[in-house]
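Structure data follow from protein-v4.cif (mmCIF, C-alpha atoms):
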data_query
#
loop_
_atom_site.label_atom_id
_atom_site.label_comp_id
_atom_site.auth_asym_id
_atom_site.auth_seq_id
_atom_site.Cartn_x
_atom_site.Cartn_y
_atom_site.Cartn_z
CA MET A 1 175.29 160.12 46.04
CA PRO A 2 178.10 158.46 44.05
CA THR A 3 177.87 154.76 43.22
CA LEU A 4 180.49 152.01 43.17
CA ASN A 5 179.66 148.91 41.14
CA GLN A 6 182.77 146.81 41.82
CA SER A 7 185.79 146.96 44.11
CA VAL A 8 188.76 149.22 43.45
CA GLY A 9 192.33 148.76 44.66
CA VAL A 10 194.55 145.82 45.54
CA GLY A 11 193.30 142.59 43.94
CA ALA A 12 190.09 144.27 42.68
CA PRO A 13 188.44 144.29 39.21
CA ASN A 14 189.31 148.00 38.88
CA ARG A 15 186.72 148.89 36.27
CA ARG A 16 187.59 152.26 34.72
CA GLU A 17 184.37 153.98 35.78
CA ASP A 18 184.73 152.75 39.37
CA VAL A 19 188.38 153.80 39.55
CA ILE A 20 187.46 157.30 38.34
CA THR A 21 184.81 157.50 41.06
CA ILE A 22 187.33 156.57 43.76
CA GLN A 23 190.03 158.85 42.37
CA THR A 24 187.61 161.78 42.30
CA LEU A 25 186.44 161.16 45.87
CA LEU A 26 190.01 160.80 47.13
CA GLN A 27 190.95 164.08 45.51
CA SER A 28 187.91 165.75 47.07
CA ALA A 29 189.02 164.36 50.44
CA GLY A 30 192.36 166.14 50.02
CA ILE A 31 194.44 163.10 49.02
CA SER A 32 195.92 163.09 45.53
CA PRO A 33 195.58 159.79 43.64
CA GLY A 34 197.63 161.15 40.75
CA ALA A 35 195.82 161.72 37.47
CA ILE A 36 192.10 161.00 37.38
CA ASP A 37 192.51 158.55 34.54
CA GLY A 38 190.56 155.43 35.50
CA ILE A 39 193.77 153.43 36.02
CA CYS A 40 194.37 152.01 39.49
CA GLY A 41 198.13 152.35 39.69
CA PRO A 42 200.51 152.73 42.64
CA LYS A 43 199.52 156.35 43.34
CA THR A 44 195.82 155.48 43.56
CA VAL A 45 196.51 152.51 45.86
CA ALA A 46 198.76 154.70 48.02
CA ALA A 47 196.02 157.32 48.20
CA ILE A 48 193.47 154.70 49.28
CA LYS A 49 195.82 153.51 52.02
CA SER A 50 196.47 157.08 53.12
CA PHE A 51 192.75 157.66 53.44
CA GLN A 52 192.28 154.38 55.31
CA SER A 53 195.09 155.25 57.73
CA ARG A 54 192.78 157.86 59.20
CA TYR A 55 190.68 155.16 60.81
CA LEU A 56 192.28 151.72 60.16
CA THR A 57 195.29 150.24 61.90
CA HIS A 58 196.15 148.11 58.87
CA PRO A 59 195.08 149.80 55.58
CA ASP A 60 194.59 147.25 52.78
CA GLY A 61 194.43 149.59 49.79
CA ARG A 62 191.03 148.33 48.64
CA VAL A 63 187.58 149.93 48.45
CA ASP A 64 184.60 147.55 48.36
CA PRO A 65 180.97 148.49 47.62
CA PHE A 66 179.18 149.00 50.95
CA GLY A 67 182.45 148.40 52.82
CA PRO A 68 183.70 150.75 55.57
CA THR A 69 186.14 152.62 53.31
CA TRP A 70 183.46 153.22 50.68
CA LEU A 71 180.92 154.37 53.27
CA ARG A 72 183.37 156.86 54.75
CA LEU A 73 184.70 158.05 51.41
CA SER A 74 181.30 158.47 49.73
CA SER A 75 179.81 160.26 52.71
CA LYS A 76 182.25 163.12 52.28
CA PRO A 77 180.79 166.07 50.35
CA ALA A 78 181.91 166.28 46.77
CA GLY A 79 184.17 169.22 46.04
CA PRO A 80 186.65 170.59 43.54
CA ALA A 81 190.16 169.37 42.96
CA PRO A 82 192.92 171.26 44.79
CA THR A 83 193.47 173.42 41.69
CA ALA A 84 189.84 174.53 41.59
CA THR A 85 188.19 177.31 43.52
CA THR A 86 185.00 177.27 45.53
CA PRO A 87 182.40 180.01 44.96
CA ALA A 88 183.19 181.54 48.35
CA ARG A 89 186.38 183.05 46.90
CA PHE A 90 184.44 185.12 44.42
CA THR A 91 181.99 187.90 45.21
CA ASP A 92 181.78 189.74 41.89
CA TRP A 93 179.89 187.76 39.24
CA SER A 94 179.43 190.66 36.83
CA GLY A 95 180.87 191.05 33.36
CA ASP A 96 181.12 188.67 30.42
CA SER A 97 181.23 185.21 32.00
CA SER A 98 182.82 183.72 28.87
CA LYS A 99 185.87 185.87 29.68
CA TRP A 100 186.22 184.67 33.28
CA SER A 101 189.22 182.56 34.27
CA GLN A 102 188.89 178.79 34.18
CA GLU A 103 188.84 178.61 37.97
CA LYS A 104 186.09 181.22 38.19
CA LYS A 105 184.05 179.31 35.61
CA LEU A 106 184.49 176.15 37.69
CA ALA A 107 183.52 178.09 40.81
CA SER A 108 180.27 179.17 39.13
CA MET A 109 179.07 175.55 38.97
CA GLU A 110 177.01 173.48 41.40
CA PRO A 111 179.59 171.56 43.49
CA ALA A 112 178.72 167.98 42.48
CA PHE A 113 178.48 168.99 38.83
CA ARG A 114 181.80 170.84 39.11
CA SER A 115 183.48 167.68 40.35
CA LYS A 116 182.20 165.73 37.34
CA VAL A 117 183.34 168.43 34.94
CA GLN A 118 186.81 168.12 36.43
CA VAL A 119 186.71 164.41 35.65
CA VAL A 120 185.79 165.24 32.05
CA LEU A 121 188.65 167.73 31.75
CA GLY A 122 191.10 165.20 33.16
CA LEU A 123 190.02 162.48 30.74
CA LEU A 124 190.31 164.83 27.77
CA GLN A 125 193.76 165.98 28.84
CA LYS A 126 194.85 162.36 29.20
CA ASP A 127 193.79 161.79 25.58
CA GLY A 128 195.99 164.65 24.41
CA PHE A 129 193.34 167.36 24.04
CA GLN A 130 193.49 170.88 25.43
CA PRO A 131 190.00 171.32 26.94
CA SER A 132 188.82 174.75 27.96
CA ILE A 133 185.53 175.77 29.57
CA PHE A 134 183.93 178.44 27.40
CA TYR A 135 180.85 178.88 29.58
CA GLY A 136 180.00 177.66 33.02
CA TRP A 137 177.34 179.94 34.41
CA ARG A 138 175.88 182.69 32.23
CA SER A 139 173.16 185.24 32.84
CA VAL A 140 169.57 184.96 31.68
CA ALA A 141 170.12 188.06 29.56
CA VAL A 142 172.93 186.34 27.67
CA GLN A 143 170.80 183.22 27.36
CA GLN A 144 167.97 185.16 25.79
CA ARG A 145 170.39 186.78 23.35
CA LEU A 146 171.67 183.35 22.30
CA TYR A 147 168.06 182.22 21.90
CA ALA A 148 167.30 185.21 19.67
CA GLU A 149 170.38 184.39 17.58
CA GLY A 150 169.23 180.80 17.14
CA LYS A 151 172.18 179.41 19.13
CA SER A 152 169.95 177.95 21.83
CA LYS A 153 166.48 176.42 21.86
CA VAL A 154 165.54 177.70 25.32
CA LYS A 155 165.23 181.11 26.97
CA PHE A 156 166.32 179.64 30.30
CA SER A 157 168.95 176.92 30.50
CA PHE A 158 170.92 174.95 33.08
CA HIS A 159 173.71 177.50 32.53
CA ASN A 160 171.49 180.12 34.19
CA SER A 161 170.83 178.24 37.43
CA GLN A 162 171.57 180.22 40.56
CA LEU A 163 171.00 180.24 44.30
CA PRO A 164 168.10 182.36 45.56
CA ASP A 165 170.55 185.13 46.47
CA GLY A 166 171.78 185.30 42.86
CA THR A 167 175.04 183.37 43.33
CA PRO A 168 175.83 181.34 40.17
CA TYR A 169 175.04 177.63 40.55
CA SER A 170 175.31 176.29 37.02
CA TYR A 171 174.39 172.74 36.07
CA ALA A 172 175.88 173.12 32.58
CA ALA A 173 179.18 173.82 30.86
CA ASP A 174 180.33 174.37 27.30
CA ILE A 175 183.73 172.77 26.75
CA VAL A 176 185.92 173.26 23.68
CA ASP A 177 189.50 172.47 22.73
CA LYS A 178 191.23 175.85 22.98
CA ARG A 179 193.05 175.17 19.71
CA TRP A 180 189.92 174.70 17.62
CA GLY A 181 186.85 176.08 19.38
CA TRP A 182 183.73 175.23 17.38
CA THR A 183 185.54 174.94 14.04
CA ASP A 184 185.48 171.84 11.82
CA ALA A 185 188.92 170.94 13.16
CA ALA A 186 187.35 169.96 16.47
CA LYS A 187 185.27 167.32 14.70
CA THR A 188 188.06 166.23 12.37
CA ASN A 189 190.42 165.68 15.30
CA GLY A 190 187.82 163.73 17.28
CA PHE A 191 187.32 166.21 20.09
CA TRP A 192 183.52 166.14 20.13
CA THR A 193 183.46 162.35 20.17
CA ALA A 194 185.98 162.33 23.01
CA LEU A 195 183.96 164.93 24.93
CA GLY A 196 180.81 162.85 24.59
CA SER A 197 182.60 159.74 25.81
CA ALA A 198 184.15 161.56 28.78
CA ALA A 199 180.81 163.13 29.70
CA LYS A 200 179.11 159.75 29.80
CA THR A 201 181.93 158.27 31.87
CA ALA A 202 181.41 161.06 34.40
CA GLY A 203 177.64 160.51 34.41
CA LEU A 204 176.72 163.70 32.57
CA VAL A 205 174.29 164.48 29.75
CA TRP A 206 175.99 165.37 26.45
CA GLY A 207 174.29 167.75 24.04
CA GLY A 208 175.71 165.89 21.07
CA ASP A 209 173.22 163.09 21.73
CA TRP A 210 170.22 165.33 21.24
CA LYS A 211 168.11 164.91 18.14
CA GLY A 212 167.27 167.89 15.98
CA PHE A 213 169.52 170.37 17.78
CA GLN A 214 172.90 168.92 18.63
CA ASP A 215 174.96 171.00 21.04
CA VAL A 216 178.29 169.16 20.83
CA ALA A 217 180.19 171.41 23.29
CA HIS A 218 177.50 171.17 25.96
CA VAL A 219 177.43 168.94 29.05
CA GLN A 220 174.94 169.14 31.90
CA GLY A 221 174.31 167.52 35.24
CA ARG A 222 170.53 167.25 35.14
CA GLN A 223 167.99 165.93 32.68
CA ASN A 224 166.09 168.27 30.33
CA SER A 225 162.86 167.27 32.07
CA GLU A 226 164.17 169.00 35.23
CA LEU A 227 164.68 172.41 33.62
CA ALA A 228 161.42 173.92 34.91
CA ALA A 229 162.20 172.75 38.44
CA VAL A 230 165.69 174.26 38.27
CA LYS A 231 164.25 177.57 37.11
CA GLU A 232 161.88 177.56 40.08
CA GLU A 233 164.71 176.63 42.45
CA SER A 234 166.65 179.60 41.09
CA GLY A 235 163.82 181.98 41.91
CA LEU A 236 163.52 183.03 38.27
#
Now, as a test, write the supplied structure out as structure tokens.
Amino acid sequence: MPTLNQSVGVGAPNRREDVITIQTLLQSAGISPGAIDGICGPKTVAAIKSFQSRYLTHPDGRVDPFGPTWLRLSSKPAGPAPTATTPARFTDWSGDSSKWSQEKKLASMEPAFRSKVQVVLGLLQKDGFQPSIFYGWRSVAVQQRLYAEGKSKVKFSFHNSQLPDGTPYSYAADIVDKRWGWTDAAKTNGFWTALGSAAKTAGLVWGGDWKGFQDVAHVQGRQNSELAAVKEESGL
């Protein structure tokens, strides 16, 4: 369930994190607020009014915590932006998942997590970066290979999460700038710092905060303490 700390819209405080929440929910409801950038400009206000026109005679362009617009907006299931694809469009999940298209990688993610990853991508693009998802979901076999190579500390990860029928349902993504990948240029140009900041804004865990084994490209939607539960949920 998303949270709204302060009002967004006409005459509101318009805190960046709250504006991003509203922009994301509006987009999921099929109404474009413009860029998901945390800035409540004319397009965001117009989108709020458009949403309100579905049930209000006089839309006011404002969303208040626990108000009617917030309750209706937040009760709608989170989903991908119009440019994303839902898992239902894909039936073949075989092959090297790092080579899948960006939309297929997004489709391999748990829906609420996918929505937050889209927020992260939007924030990075706004800052002038060229973010690219390297991994969304990946198989357990690939995970174990990465473990054997010392590139992961676990034999099962949030990347491997799936539905009981085997459909990918990842709670993790590896995001790089397509110009630099994991090279030193990514650090020099501030990409990892920007990724960490965007992940926290979206309410995600960033691997760069981990002690001992920093995974700077990694973001995830659940806490490490939940990994065993996710493995059980996946039927693995």
Rounded to one decimal in Å, what is the spacing between CA of Arg145 in chain A and CA of Trp192 in chain A?
->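 Atom-to-atom, CA of Arg145 in chain A and CA of Trp192 in chain A are spaced 24.7 Å apart.
With distances restricted to only C-alpha atoms, A:Ala217 is the closest residue to Thr183 in chain A from A:Leu71, A:Ala217, A:Arg222, A:Val120.
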Calculate how many Å separate CA of Glu103 in chain A from CA of Ala186 in chain A, rounding to one decimal.
->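 CA of Ala186 in chain A lies 23.2 Å from CA of Glu103 in chain A.
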Considering all atoms listed in the file, state which residue in the set A:Gly190, A:Pro59, A:Ala46, A:Gln6 is at the smallest distance from Gly34 in chain A.
->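 Selected residue with least distance to Gly34 in chain A: A:Ala46.
Distance annotation: of A:Ala199, A:Val230, A:Ala12, A:Leu121, the residue with the minimal separation from Gly41 in chain A is A:Ala12; atom set is all atoms listed in the file.
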Nearest residue to Pro65 in chain A from the set A:Gln118, A:Ser7, A:Thr21, A:Gln52 (distances using only C-alpha atoms) |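 Counting only C-alpha atoms, the residue closest to Pro65 in chain A is A:Ser7.
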Identify which of the residues A:Ser74, A:Ser50, A:Gln220, A:Thr188 lies closest to Ile22 in chain A, counting only C-alpha atoms when measuring atom-to-atom distances.
->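 Of A:Ser74, A:Ser50, A:Gln220, A:Thr188, the one nearest Ile22 in chain A is A:Ser74, counting only C-alpha atoms.
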